[in-house]
$ cat final.txt   # compact mmCIF, C-alpha atoms and all ligand atoms
# COMPACT_ATOMS: atom_id res chain seq x y z
CA MET A 1 92.48 126.09 128.56
CA SER A 2 90.40 125.03 125.58
CA VAL A 3 88.42 121.80 125.71
CA THR A 4 90.04 118.84 123.93
CA ALA A 5 88.60 115.59 122.59
CA ILE A 6 88.24 112.49 124.77
CA LYS A 7 91.36 110.32 124.88
CA GLY A 8 91.21 107.61 122.22
CA MET A 9 88.46 109.38 120.26
CA ASN A 10 89.70 111.11 117.15
CA ASP A 11 88.63 113.73 114.68
CA VAL A 12 88.75 112.81 111.01
CA LEU A 13 89.93 115.93 109.23
CA PRO A 14 89.69 117.11 105.63
CA GLY A 15 92.58 115.58 103.72
CA GLU A 16 92.04 112.33 105.60
CA VAL A 17 88.28 112.04 105.32
CA GLU A 18 88.56 111.49 101.55
CA THR A 19 90.26 108.16 102.24
CA TRP A 20 87.43 107.24 104.62
CA GLN A 21 84.85 108.16 102.00
CA PHE A 22 86.66 106.06 99.40
CA LEU A 23 86.79 103.04 101.75
CA GLU A 24 83.10 103.42 102.62
CA LYS A 25 82.03 103.91 99.01
CA SER A 26 84.04 100.87 97.92
CA ALA A 27 82.33 98.77 100.58
CA ARG A 28 78.91 99.84 99.37
CA GLU A 29 79.90 98.95 95.81
CA VAL A 30 81.44 95.55 96.53
CA PHE A 31 78.80 94.47 99.06
CA GLY A 32 76.13 95.67 96.63
CA PHE A 33 77.45 93.26 93.93
CA HIS A 34 76.91 90.46 96.41
CA GLY A 35 73.31 91.44 97.20
CA PHE A 36 73.83 93.03 100.63
CA SER A 37 71.62 95.85 101.95
CA GLU A 38 72.59 98.41 104.54
CA ILE A 39 71.17 98.37 108.05
CA ARG A 40 71.60 101.19 110.58
CA THR A 41 71.11 100.57 114.27
CA PRO A 42 71.33 102.99 117.22
CA ILE A 43 74.70 103.73 118.77
CA ALA A 44 73.45 102.76 122.24
CA GLU A 45 71.62 99.58 123.25
CA LYS A 46 70.42 98.04 126.49
CA THR A 47 73.51 96.72 128.30
CA GLU A 48 71.93 93.28 128.62
CA LEU A 49 72.17 92.77 124.83
CA PHE A 50 75.97 92.78 124.89
CA CYS A 51 76.27 90.75 128.10
CA ARG A 52 74.08 88.02 126.62
CA SER A 53 75.76 87.90 123.20
CA ILE A 54 79.44 88.83 123.53
CA GLY A 55 79.67 86.96 126.85
CA GLU A 56 80.00 87.96 130.51
CA THR A 57 83.56 86.69 130.81
CA THR A 58 85.02 88.40 127.74
CA ASP A 59 87.39 91.37 128.02
CA ILE A 60 84.86 93.51 126.17
CA VAL A 61 82.06 92.94 128.67
CA GLU A 62 84.27 92.66 131.76
CA LYS A 63 86.25 95.83 131.29
CA GLU A 64 85.80 97.68 128.02
CA MET A 65 82.19 98.78 127.73
CA TYR A 66 81.01 102.37 127.97
CA THR A 67 78.03 101.67 130.22
CA PHE A 68 75.94 104.33 131.89
CA SER A 69 72.50 104.91 133.41
CA ASP A 70 70.11 107.24 131.67
CA LYS A 71 67.81 109.55 133.61
CA SER A 72 65.30 106.70 134.10
CA GLU A 73 68.00 104.46 135.57
CA ASN A 74 68.13 102.17 132.51
CA SER A 75 71.55 100.65 131.98
CA LEU A 76 72.69 101.55 128.47
CA THR A 77 75.91 100.78 126.62
CA LEU A 78 77.59 102.43 123.65
CA ARG A 79 77.87 99.59 121.17
CA PRO A 80 81.29 97.90 121.38
CA GLU A 81 80.60 95.99 118.13
CA GLY A 82 77.92 95.64 115.47
CA THR A 83 76.82 92.00 115.40
CA ALA A 84 74.67 92.00 118.54
CA PRO A 85 72.75 95.18 117.59
CA VAL A 86 72.12 93.82 114.08
CA MET A 87 70.79 90.55 115.54
CA ARG A 88 68.57 92.53 117.92
CA ALA A 89 67.21 94.57 114.99
CA PHE A 90 66.81 91.42 112.88
CA ILE A 91 64.71 89.74 115.57
CA GLN A 92 62.71 92.82 116.56
CA ASN A 93 61.81 93.65 112.95
CA ARG A 94 61.21 89.99 112.01
CA LEU A 95 63.46 90.30 108.98
CA HIS A 96 63.41 86.51 108.46
CA THR A 97 59.77 86.83 107.37
CA LEU A 98 60.83 89.02 104.43
CA ASP A 99 63.45 86.66 103.05
CA PRO A 100 64.87 83.36 104.33
CA VAL A 101 68.37 84.74 103.80
CA SER A 102 69.26 88.19 105.13
CA LYS A 103 72.45 89.79 103.84
CA LEU A 104 73.14 92.97 105.76
CA TYR A 105 76.00 95.43 106.06
CA TYR A 106 76.68 98.37 108.37
CA MET A 107 79.30 100.99 109.02
CA GLY A 108 79.78 103.32 111.93
CA PRO A 109 81.45 104.07 115.25
CA MET A 110 81.97 101.46 117.97
CA PHE A 111 83.24 102.11 121.51
CA ARG A 112 85.62 100.13 123.70
CA TYR A 113 87.50 101.39 126.73
CA GLU A 114 90.87 99.99 125.67
CA ARG A 115 94.35 101.44 126.16
CA PRO A 116 94.75 103.69 123.13
CA GLN A 117 97.74 103.11 120.86
CA LYS A 118 98.44 103.03 117.13
CA GLY A 119 95.54 101.16 115.52
CA ARG A 120 93.60 100.88 118.77
CA TYR A 121 91.15 103.55 119.87
CA ARG A 122 88.22 104.06 122.22
CA GLN A 123 85.93 105.22 119.46
CA PHE A 124 86.75 103.32 116.30
CA HIS A 125 84.81 102.52 113.16
CA GLN A 126 83.81 99.23 111.66
CA ILE A 127 82.44 98.21 108.30
CA GLY A 128 80.66 94.94 108.95
CA VAL A 129 78.49 92.37 107.23
CA GLU A 130 76.16 89.68 108.55
CA VAL A 131 74.45 86.84 106.67
CA ILE A 132 71.60 85.21 108.56
CA GLY A 133 69.85 82.02 107.47
CA VAL A 134 72.46 79.82 105.75
CA GLU A 135 74.38 76.97 107.34
CA ASP A 136 76.01 75.74 104.13
CA ALA A 137 79.81 76.07 104.04
CA ARG A 138 79.51 77.80 100.66
CA ILE A 139 78.31 80.95 102.39
CA ASP A 140 81.41 80.93 104.65
CA ALA A 141 83.55 80.85 101.52
CA GLN A 142 81.44 83.46 99.76
CA VAL A 143 81.70 85.87 102.69
CA LEU A 144 85.47 85.39 102.71
CA ALA A 145 85.62 85.83 98.94
CA MET A 146 83.75 89.11 99.32
CA LEU A 147 86.21 90.27 101.99
CA HIS A 148 89.07 89.33 99.65
CA GLN A 149 87.42 91.20 96.78
CA TYR A 150 86.96 94.29 98.95
CA PHE A 151 90.64 94.39 99.88
CA ASN A 152 91.63 93.99 96.22
CA HIS A 153 89.21 96.74 95.28
CA ILE A 154 90.72 99.22 97.77
CA GLY A 155 94.26 98.24 96.80
CA ILE A 156 95.42 96.72 100.10
CA THR A 157 97.22 93.47 99.44
CA ALA A 158 99.59 93.16 102.42
CA VAL A 159 97.11 91.04 104.35
CA SER A 160 96.72 87.32 104.86
CA LEU A 161 93.70 85.29 105.81
CA GLN A 162 93.84 82.94 108.80
CA ILE A 163 90.97 80.58 109.49
CA ASN A 164 90.03 78.22 112.29
CA SER A 165 87.07 76.24 113.55
CA LEU A 166 85.96 76.59 117.16
CA GLY A 167 83.56 73.65 117.05
CA CYS A 168 80.03 73.79 118.39
CA PRO A 169 78.11 73.19 121.65
CA GLU A 170 78.47 69.43 120.94
CA CYS A 171 82.22 69.24 120.70
CA ARG A 172 83.60 72.37 122.34
CA PRO A 173 82.75 71.54 126.01
CA GLY A 174 84.84 68.33 125.82
CA TYR A 175 87.75 70.21 124.28
CA ARG A 176 87.37 72.98 126.86
CA GLN A 177 87.66 70.48 129.72
CA GLN A 178 90.82 69.01 128.21
CA LEU A 179 92.30 72.46 127.81
CA ILE A 180 91.46 73.40 131.42
CA ALA A 181 93.15 70.22 132.64
CA TYR A 182 96.19 70.98 130.49
CA LEU A 183 96.37 74.58 131.81
CA GLU A 184 95.91 73.50 135.43
CA SER A 185 99.25 71.71 135.33
CA ARG A 186 100.98 74.88 134.13
CA LEU A 187 99.22 77.55 136.18
CA ASP A 188 102.39 78.93 137.77
CA VAL A 189 103.77 80.14 134.42
CA LEU A 190 100.56 81.79 133.20
CA CYS A 191 100.08 85.56 133.49
CA ALA A 192 97.79 86.94 136.23
CA ASP A 193 94.96 87.49 133.73
CA CYS A 194 95.09 83.92 132.47
CA GLN A 195 95.38 82.46 135.97
CA ARG A 196 92.12 84.24 136.68
CA ARG A 197 90.31 83.32 133.45
CA TYR A 198 91.59 79.85 132.61
CA GLN A 199 88.47 78.29 134.19
CA THR A 200 85.90 80.69 132.75
CA ASN A 201 87.47 81.37 129.35
CA PRO A 202 90.30 78.86 128.81
CA LEU A 203 90.47 79.36 125.03
CA ARG A 204 91.57 82.96 125.54
CA VAL A 205 94.82 81.68 127.11
CA LEU A 206 95.84 80.35 123.66
CA ASP A 207 95.56 83.88 122.32
CA CYS A 208 97.38 85.62 125.20
CA LYS A 209 100.37 87.73 124.16
CA ALA A 210 102.28 87.12 127.45
CA LYS A 211 105.49 85.16 126.83
CA GLY A 212 104.86 82.68 129.67
CA CYS A 213 101.37 81.88 128.37
CA GLN A 214 102.62 81.40 124.83
CA GLU A 215 105.38 79.05 125.96
CA ALA A 216 103.08 77.14 128.30
CA THR A 217 100.56 76.49 125.53
CA VAL A 218 102.92 75.40 122.74
CA ASP A 219 101.74 71.79 123.10
CA ALA A 220 98.20 72.57 124.24
CA PRO A 221 95.46 70.38 122.74
CA SER A 222 94.29 71.83 119.42
CA VAL A 223 90.64 72.69 118.92
CA ILE A 224 90.72 71.42 115.33
CA GLU A 225 91.69 67.94 116.49
CA HIS A 226 88.66 67.80 118.77
CA LEU A 227 85.90 68.75 116.33
CA CYS A 228 82.83 66.52 116.11
CA SER A 229 82.19 64.95 112.74
CA PRO A 230 79.66 67.56 111.44
CA CYS A 231 82.02 70.42 112.47
CA ASN A 232 84.96 68.62 110.90
CA ASP A 233 83.04 68.15 107.63
CA HIS A 234 81.94 71.76 107.65
CA PHE A 235 85.51 72.98 108.12
CA ALA A 236 86.78 70.66 105.38
CA GLN A 237 84.14 72.03 103.02
CA VAL A 238 85.00 75.65 103.84
CA LYS A 239 88.63 74.94 102.95
CA GLU A 240 87.62 73.18 99.71
CA TYR A 241 85.37 76.06 98.62
CA LEU A 242 88.06 78.60 99.44
CA GLN A 243 90.46 76.66 97.25
CA ALA A 244 87.85 76.48 94.48
CA LEU A 245 87.45 80.27 94.66
CA GLN A 246 91.25 80.69 94.78
CA ILE A 247 91.22 82.56 98.07
CA PRO A 248 94.58 82.01 99.79
CA PHE A 249 94.43 81.14 103.51
CA THR A 250 96.29 79.43 106.33
CA VAL A 251 94.81 77.50 109.23
CA ASN A 252 95.64 78.95 112.65
CA SER A 253 94.29 76.62 115.32
CA ARG A 254 95.30 79.07 118.08
CA MET A 255 93.06 81.85 116.83
CA VAL A 256 90.17 81.98 119.29
CA ARG A 257 88.56 85.45 118.94
CA GLY A 258 87.48 87.61 121.85
CA LEU A 259 83.72 87.21 121.61
CA ASP A 260 81.79 84.23 122.95
CA TYR A 261 79.15 83.85 120.25
CA TYR A 262 81.38 82.15 117.69
CA VAL A 263 80.98 78.53 116.61
CA ARG A 264 82.68 76.65 113.80
CA THR A 265 84.41 78.92 111.26
CA THR A 266 86.34 81.90 112.61
CA PHE A 267 88.81 84.02 110.71
CA GLU A 268 91.07 87.05 110.82
CA LEU A 269 92.69 89.09 108.09
CA VAL A 270 96.07 90.01 109.50
CA THR A 271 98.92 92.28 108.47
CA ASP A 272 102.44 92.81 109.72
CA GLN A 273 102.27 96.54 108.95
CA LEU A 274 100.47 97.66 112.11
CA GLY A 275 102.60 96.35 114.97
CA SER A 276 100.65 94.49 117.62
CA GLN A 277 97.23 95.57 116.29
CA ASN A 278 97.58 93.11 113.45
CA ALA A 279 93.93 92.24 112.66
CA VAL A 280 92.38 94.50 110.04
CA ALA A 281 89.22 92.44 109.80
CA ALA A 282 87.79 89.53 111.71
CA GLY A 283 84.68 87.46 112.06
CA GLY A 284 83.10 84.06 111.98
CA ARG A 285 80.02 81.95 112.32
CA TYR A 286 77.56 82.44 115.18
CA ASP A 287 74.86 79.77 114.72
CA GLY A 288 72.73 79.85 117.87
CA LEU A 289 73.14 83.57 118.61
CA VAL A 290 69.84 84.67 117.08
CA GLU A 291 67.96 81.99 119.02
CA SER A 292 69.75 82.80 122.27
CA LEU A 293 68.58 86.40 121.91
CA GLY A 294 64.96 85.28 121.57
CA GLY A 295 64.72 84.94 117.78
CA PRO A 296 64.23 81.98 115.43
CA ALA A 297 66.87 79.22 115.34
CA LEU A 298 68.82 80.59 112.39
CA PRO A 299 72.54 80.33 111.69
CA GLY A 300 74.67 83.37 110.92
CA ILE A 301 78.11 84.45 109.78
CA GLY A 302 79.82 87.79 109.33
CA PHE A 303 82.86 89.95 109.74
CA ALA A 304 83.89 93.47 110.66
CA ILE A 305 86.72 95.52 109.22
CA GLY A 306 88.51 98.14 111.36
CA LEU A 307 88.35 101.33 109.33
CA GLU A 308 91.13 103.20 111.19
CA ARG A 309 93.45 100.29 110.51
CA LEU A 310 92.65 100.42 106.79
CA VAL A 311 93.32 104.16 106.76
CA LEU A 312 96.69 103.57 108.45
CA MET A 313 97.51 100.95 105.83
CA LYS A 314 96.51 103.22 102.97
CA GLY A 315 99.10 105.65 104.43
CA GLU A 316 100.94 107.31 101.57
CA GLN A 317 98.35 106.36 98.98
CA ARG A 318 95.95 108.93 100.49
CA ILE A 319 93.16 110.21 98.33
CA THR A 320 93.22 114.02 98.11
CA PRO A 321 90.10 116.21 97.97
CA PRO A 322 89.06 117.32 94.48
CA GLU A 323 90.53 120.68 93.46
CA PRO A 324 88.38 123.64 92.41
CA GLN A 325 87.76 123.81 88.66
CA LEU A 326 87.69 127.60 88.77
CA PHE A 327 88.89 130.44 90.98
CA ILE A 328 87.28 133.82 90.27
CA ALA A 329 89.57 136.64 91.31
CA THR A 330 88.08 140.12 91.63
CA ILE A 331 89.13 143.75 91.52
CA GLY A 332 86.66 146.12 93.12
CA ALA A 333 83.34 145.82 94.98
CA GLU A 334 81.20 145.55 91.84
CA ALA A 335 83.26 142.65 90.55
CA VAL A 336 82.83 140.89 93.89
CA GLU A 337 79.04 141.17 93.57
CA ARG A 338 79.09 139.77 90.02
CA ALA A 339 81.54 137.00 90.92
CA PHE A 340 79.40 136.00 93.87
CA VAL A 341 76.35 135.45 91.64
CA LEU A 342 78.41 133.77 88.89
CA MET A 343 79.92 131.42 91.45
CA SER A 344 76.51 130.41 92.71
CA GLN A 345 75.25 129.73 89.15
CA LEU A 346 78.28 127.61 88.38
CA GLN A 347 77.95 125.67 91.64
CA LEU A 348 74.30 124.98 90.83
CA ALA A 349 75.51 123.55 87.52
CA GLY A 350 77.93 121.28 89.40
CA VAL A 351 81.18 123.21 88.87
CA ARG A 352 83.56 123.51 91.85
CA VAL A 353 84.26 127.25 92.21
CA GLU A 354 86.09 129.36 94.78
CA MET A 355 86.49 133.11 95.23
CA ASP A 356 87.87 135.51 97.81
CA TYR A 357 85.73 136.68 100.74
CA LEU A 358 88.37 138.59 102.65
CA GLY A 359 88.99 141.61 100.41
CA LYS A 360 92.51 140.43 99.52
CA SER A 361 94.71 141.96 96.83
CA LEU A 362 94.71 140.43 93.35
CA LYS A 363 98.18 139.01 94.01
CA ALA A 364 97.02 137.35 97.23
CA GLN A 365 93.95 135.96 95.46
CA MET A 366 96.13 134.40 92.74
CA ARG A 367 98.37 132.90 95.40
CA ARG A 368 95.32 131.28 96.95
CA ALA A 369 94.14 130.00 93.54
CA ASN A 370 97.56 128.35 93.14
CA LYS A 371 97.51 126.93 96.62
CA LEU A 372 94.07 125.40 96.04
CA LYS A 373 95.36 124.06 92.69
CA ALA A 374 92.42 125.56 90.81
CA ALA A 375 92.35 124.30 87.21
CA PHE A 376 91.25 127.68 85.77
CA THR A 377 91.21 131.28 86.96
CA LEU A 378 89.17 134.19 85.79
CA VAL A 379 89.96 137.79 86.72
CA LEU A 380 86.95 140.12 86.97
CA GLY A 381 87.58 143.86 87.01
CA GLU A 382 85.90 147.01 85.73
CA GLU A 383 86.90 146.32 82.13
CA GLU A 384 85.52 142.77 82.13
CA LEU A 385 82.25 143.89 83.71
CA GLU A 386 81.85 146.51 80.99
CA SER A 387 82.68 144.23 78.05
CA GLY A 388 80.90 141.21 79.53
CA GLU A 389 83.92 139.06 78.64
CA ALA A 390 86.97 137.84 80.55
CA GLN A 391 90.12 135.78 80.03
CA LEU A 392 89.80 132.24 81.32
CA LYS A 393 93.29 131.09 82.21
CA ASN A 394 94.24 127.45 82.16
CA MET A 395 96.59 127.18 85.14
CA SER A 396 98.41 124.07 83.91
CA ASP A 397 99.74 125.61 80.64
CA SER A 398 98.96 129.32 81.21
CA SER A 399 96.92 129.44 77.96
CA GLN A 400 94.06 131.93 77.92
CA SER A 401 90.75 132.08 76.09
CA LEU A 402 88.14 134.81 76.02
CA VAL A 403 84.78 133.75 77.48
CA SER A 404 81.50 135.57 77.74
CA LEU A 405 80.40 136.04 81.36
CA GLY A 406 76.80 135.47 80.34
CA SER A 407 77.57 131.98 79.10
CA LEU A 408 80.21 130.92 81.60
CA VAL A 409 78.06 128.07 82.86
CA GLU A 410 77.57 126.76 79.30
CA SER A 411 81.29 127.07 78.52
CA PHE A 412 82.15 124.93 81.51
CA ALA A 413 79.46 122.39 80.61
CA GLU A 414 80.54 122.32 76.92
CA LYS A 415 84.24 122.08 77.58
CA ASN A 416 83.57 119.48 80.21
CA LEU A 417 86.08 121.32 82.35
P1 LIG B 1 86.37 92.18 116.56
O1 LIG B 1 87.49 91.24 116.24
O2 LIG B 1 86.17 92.52 117.98
O3 LIG B 1 85.06 91.52 115.95
O4 LIG B 1 86.57 93.51 115.73
C1 LIG B 1 86.70 93.49 114.33
C2 LIG B 1 87.76 94.47 113.88
O5 LIG B 1 87.50 95.77 114.40
C3 LIG B 1 89.17 94.15 114.37
O6 LIG B 1 89.79 93.19 113.54
C4 LIG B 1 89.83 95.51 114.25
O7 LIG B 1 90.25 95.73 112.91
C5 LIG B 1 88.72 96.47 114.60
N1 LIG B 1 88.84 96.90 116.01
C6 LIG B 1 88.41 96.24 117.11
N2 LIG B 1 88.69 96.96 118.22
C7 LIG B 1 89.30 98.09 117.82
C8 LIG B 1 89.83 99.25 118.49
N3 LIG B 1 89.75 99.39 119.80
N4 LIG B 1 90.39 100.22 117.74
C9 LIG B 1 90.46 100.10 116.38
N5 LIG B 1 89.97 99.06 115.71
C10 LIG B 1 89.41 98.05 116.40
C11 LIG B 1 83.82 92.09 116.03
O8 LIG B 1 83.61 93.20 116.43
C12 LIG B 1 82.74 91.20 115.46
N6 LIG B 1 81.43 91.86 115.67
C13 LIG B 1 82.97 90.88 114.01
C14 LIG B 1 81.90 90.01 113.44
C15 LIG B 1 80.88 90.39 112.63
N7 LIG B 1 81.76 88.72 113.66
C16 LIG B 1 80.68 88.27 113.03
N8 LIG B 1 80.12 89.28 112.42

$ encode --input "final.txt" --output "structure tokens"
Amino acid sequence: MSVTAIKGMNDVLPGEVETWQFLEKSAREVFGFHGFSEIRTPIAEKTELFCRSIGETTDIVEKEMYTFSDKSENSLTLRPEGTAPVMRAFIQNRLHTLDPVSKLYYMGPMFRYERPQKGRYRQFHQIGVEVIGVEDARIDAQVLAMLHQYFNHIGITAVSLQINSLGCPECRPGYRQQLIAYLESRLDVLCADCQRRYQTNPLRVLDCKAKGCQEATVDAPSVIEHLCSPCNDHFAQVKEYLQALQIPFTVNSRMVRGLDYYVRTTFELVTDQLGSQNAVAAGGRYDGLVESLGGPALPGIGFAIGLERLVLMKGEQRITPPEPQLFIATIGAEAVERAFVLMSQLQLAGVRVEMDYLGKSLKAQMRRANKLKAAFTLVLGEEELESGEAQLKNMSDSSQSLVSLGSLVESFAEKNL
């Protein structure tokens, strides 16, 4: 039996990859307007990086990481997300010494050992951004405005923005204790996972999809009502700036996110078009993360977009690969030789050309030209080689014009075909 791909890891095939390229190109354009530069980090990092940043008690670190030992017995992990590697690179390369504000973006594969289903894979791709160095609530709003602009740019509008504030190390511990006490009195109705994690990660219970957990937490204390005054002010400002920038949003005080590094603003861009995998992008503020990883005490905020989910949402509006501008059909070995050289010259000049390599009949070659939707065809036979001229046929209206083979490149350039 032939070898197949790993479960949950997909090929991106021609016909689909054009949509990916469009989404990636659009991100580069939009993020470029906002002054972001690209950063590329390795696909694997030391395991410790993710344990220290994402958090030991999160689902990602507890059960979803692709961790392995290399031949020197170092524990390595395929990155499950992009924020921690970018912070590691930021600290290691002392990027804060170049500019007090770093605006970075990245795109590439991430790996999580999750149960694969529509919109959820084991290798998936994120387009992410991180801003390091600004605490002001304006940057929260600007990052969200950029996310909004990106979705408008790519033509996906069936999404809505939900925001929350998770407080900070000043106010969250008090809230956490209250939540634990609240959950303790309802332990019997919580799912097995939440019974296990309510002490270590009580906020996750609010986000649990199990019916019992959802019912049990309907009246749970709300994080927003327990913010300290600076966190409260910050959240109020974020909302004001979002209104000023006319970015629609709703507050969802039950949104807790699955990574431990978040403080204050968190957000998700959700859709009802993808079943249970409803977040197409998500992120938040992580003041304290850079310092906890051994860097300067700088605040940060960012988000990551799930590329597969965008592609699913683009669905019918797929972008198709560009068609050939010319198909050169040939009759006889000499014509093949000439066509081969002509094709190369045209390609060098930036014209998309195809020809036959399989010795097919003229009829079969024309069928292929039609199938490829070539804009023009040119038939080269003995007669054409002798006269140095051939009929260039416009496939959309069947009109023909005589062109000189010696100046085919110029004709294409002139006609802007
Ligand atoms: P996250 O919520 O874990 O956040 O992932 C962000 C997005 O990646 C999700 O909203 C989803 O679209 C996509 N995603 C996550 N897991 C999968 C999967 N298994 N299959 C397909 N798509 C998936 C982060 O990763 C943070 N690093 C975001 C961030 C950046 N926060 C601050 N800066």

$ residues_near_ligand --input "final.txt" --ligand "ligand LIG 1 (chain B)" --cutoff "8 Å" --atoms "only C-alpha atoms and all ligand atoms" --output "PyMOL selection string"
chain A and resi 80-84+111-114+116+119-126+128-130+257-259+262+268-269+277-286+301-309

$ residues_around --input "final.txt" --residues "Gln243 of chain A" --least-positions-apart "3" --cutoff "12 Å" --atoms "all atoms listed in the file" --output "NGL selection string"
:A and (138 or 141-142 or 144-145 or 236-240 or 246-250)

$ closest_residue --input "final.txt" --among "A:Thr47, A:Thr41, A:Thr377, A:Thr4" --to "Glu73 of chain A" --atoms "all atoms listed in the file"
A:Thr47

$ closest_atom_pairs --input "final.txt" --of "segment 197-257 of chain A" --to "segment 163-174 of chain A" --cutoff "12 Å" --atoms "all atoms listed in the file" --output "CSV"
residue,atom,partner,partner_atom,distance
A:Thr200,CA,A:Pro173,CA,11.8
A:Asn201,CA,A:Pro173,CA,11.4
A:Pro202,CA,A:Pro173,CA,10.9
A:Leu203,CA,A:Leu166,CA,9.5
A:Arg204,CA,A:Leu166,CA,11.9
A:Pro221,CA,A:Gly174,CA,11.2
A:Ser222,CA,A:Leu166,CA,9.9
A:Val223,CA,A:Leu166,CA,6.3
A:Ile224,CA,A:Ser165,CA,6.3
A:Glu225,CA,A:Ser165,CA,9.9
A:His226,CA,A:Cys171,CA,6.9
A:Leu227,CA,A:Gly167,CA,5.5
A:Cys228,CA,A:Cys171,CA,5.4
A:Ser229,CA,A:Cys171,CA,9.0
A:Pro230,CA,A:Gly167,CA,9.2
A:Cys231,CA,A:Gly167,CA,5.8
A:Asn232,CA,A:Gly167,CA,8.1
A:Asp233,CA,A:Ser165,CA,10.8
A:His234,CA,A:Ser165,CA,9.0
A:Phe235,CA,A:Ser165,CA,6.5
A:Ala236,CA,A:Ser165,CA,9.9
A:Gln237,CA,A:Ser165,CA,11.7
A:Val238,CA,A:Ile163,CA,9.6
A:Lys239,CA,A:Ile163,CA,8.9
A:Leu242,CA,A:Ile163,CA,10.6
A:Ile247,CA,A:Ile163,CA,11.6
A:Pro248,CA,A:Ile163,CA,10.4
A:Phe249,CA,A:Ile163,CA,6.9
A:Thr250,CA,A:Ile163,CA,6.3
A:Val251,CA,A:Ile163,CA,4.9
A:Asn252,CA,A:Asn164,CA,5.7
A:Ser253,CA,A:Asn164,CA,5.5
A:Arg254,CA,A:Asn164,CA,7.9
A:Met255,CA,A:Asn164,CA,6.6
A:Val256,CA,A:Leu166,CA,7.2
A:Arg257,CA,A:Leu166,CA,9.4

$ closest_residue --input "final.txt" --among "A:Ser26, A:Gln199, A:Gln162, A:Thr266" --to "Gln178 of chain A" --atoms "only C-alpha atoms"
A:Gln199

$ atom_distance --input "final.txt" --atom1 "atom CA of Thr97 of chain A" --atom2 "atom CA of Leu298 of chain A"
12.1 Å

$ atom_distance --input "final.txt" --atom1 "atom CA of Gly288 of chain A" --atom2 "atom CA of Met110 of chain A"
23.5 Å

$ atom_distance --input "final.txt" --atom1 "atom CA of Lys25 of chain A" --atom2 "atom CA of Gln345 of chain A"
28.5 Å

$ residues_around --input "final.txt" --residues "Leu392 of chain A" --least-positions-apart "4" --cutoff "9 Å" --atoms "only C-alpha atoms" --output "list in words"
Phe376, Thr377, Leu378, Val379, Ser399, Gln400, Ser401, Leu402 and Val403 of chain A

$ closest_residue --input "final.txt" --among "A:Glu337, A:Glu45, A:Glu24, A:Glu323" --to "Ala369 of chain A" --atoms "all atoms listed in the file"
A:Glu323

$ residues_around --input "final.txt" --residues "Gly32 of chain A" --least-positions-apart "5" --cutoff "12 Å" --atoms "all atoms listed in the file" --output "list in words"
Lys25, Ser26, Ala27, Ser37, Glu38, Lys103, Leu104, Tyr105, Val129, Met146 and Tyr150 of chain A

$ write_last_selection --input "final.txt" --atoms "C-alpha atoms" --output "PDB file, in the frame of the given file"
ATOM      1  CA  LYS A  25      82.030 103.910  99.010  1.00  0.00           C
ATOM      2  CA  SER A  26      84.040 100.870  97.920  1.00  0.00           C
ATOM      3  CA  ALA A  27      82.330  98.770 100.580  1.00  0.00           C
ATOM      4  CA  SER A  37      71.620  95.850 101.950  1.00  0.00           C
ATOM      5  CA  GLU A  38      72.590  98.410 104.540  1.00  0.00           C
ATOM      6  CA  LYS A 103      72.450  89.790 103.840  1.00  0.00           C
ATOM      7  CA  LEU A 104      73.140  92.970 105.760  1.00  0.00           C
ATOM      8  CA  TYR A 105      76.000  95.430 106.060  1.00  0.00           C
ATOM      9  CA  VAL A 129      78.490  92.370 107.230  1.00  0.00           C
ATOM     10  CA  MET A 146      83.750  89.110  99.320  1.00  0.00           C
ATOM     11  CA  TYR A 150      86.960  94.290  98.950  1.00  0.00           C
TER      12      TYR A 150
END

$ residues_around --input "final.txt" --residues "segment 412-414 of chain A" --least-positions-apart "2" --cutoff "10 Å" --atoms "only C-alpha atoms" --output "compact mmCIF listing (two decimals) with C-alpha atoms, in the coordinates of the input"
# COMPACT_ATOMS: atom_id res chain seq x y z
CA GLN A 325 87.76 123.81 88.66
CA LEU A 326 87.69 127.60 88.77
CA LEU A 346 78.28 127.61 88.38
CA ALA A 349 75.51 123.55 87.52
CA GLY A 350 77.93 121.28 89.40
CA VAL A 351 81.18 123.21 88.87
CA SER A 407 77.57 131.98 79.10
CA LEU A 408 80.21 130.92 81.60
CA VAL A 409 78.06 128.07 82.86
CA GLU A 410 77.57 126.76 79.30
CA ASN A 416 83.57 119.48 80.21
CA LEU A 417 86.08 121.32 82.35

$ axis_aligned_box --input "final.txt" --around "segment 21-39 of chain A" --padding-each-side "8 Å" --output "AutoDock Vina command-line options"
--center_x 79.0 --center_y 99.3 --center_z 101.0 --size_x 31.6 --size_y 33.7 --size_z 30.1

$ closest_residue --input "final.txt" --among "A:Val134, A:Leu78, A:Ile139, A:Val290" --to "His34 of chain A" --atoms "only C-alpha atoms"
A:Ile139

$ closest_residue --input "final.txt" --among "A:Leu98, A:Tyr261, A:Tyr106, A:Pro14" --to "Glu291 of chain A" --atoms "only C-alpha atoms"
A:Tyr261

$ closest_residue --input "final.txt" --among "A:Leu190, A:Val205, A:Met87, A:Val263" --to "Leu49 of chain A" --atoms "all atoms listed in the file"
A:Met87
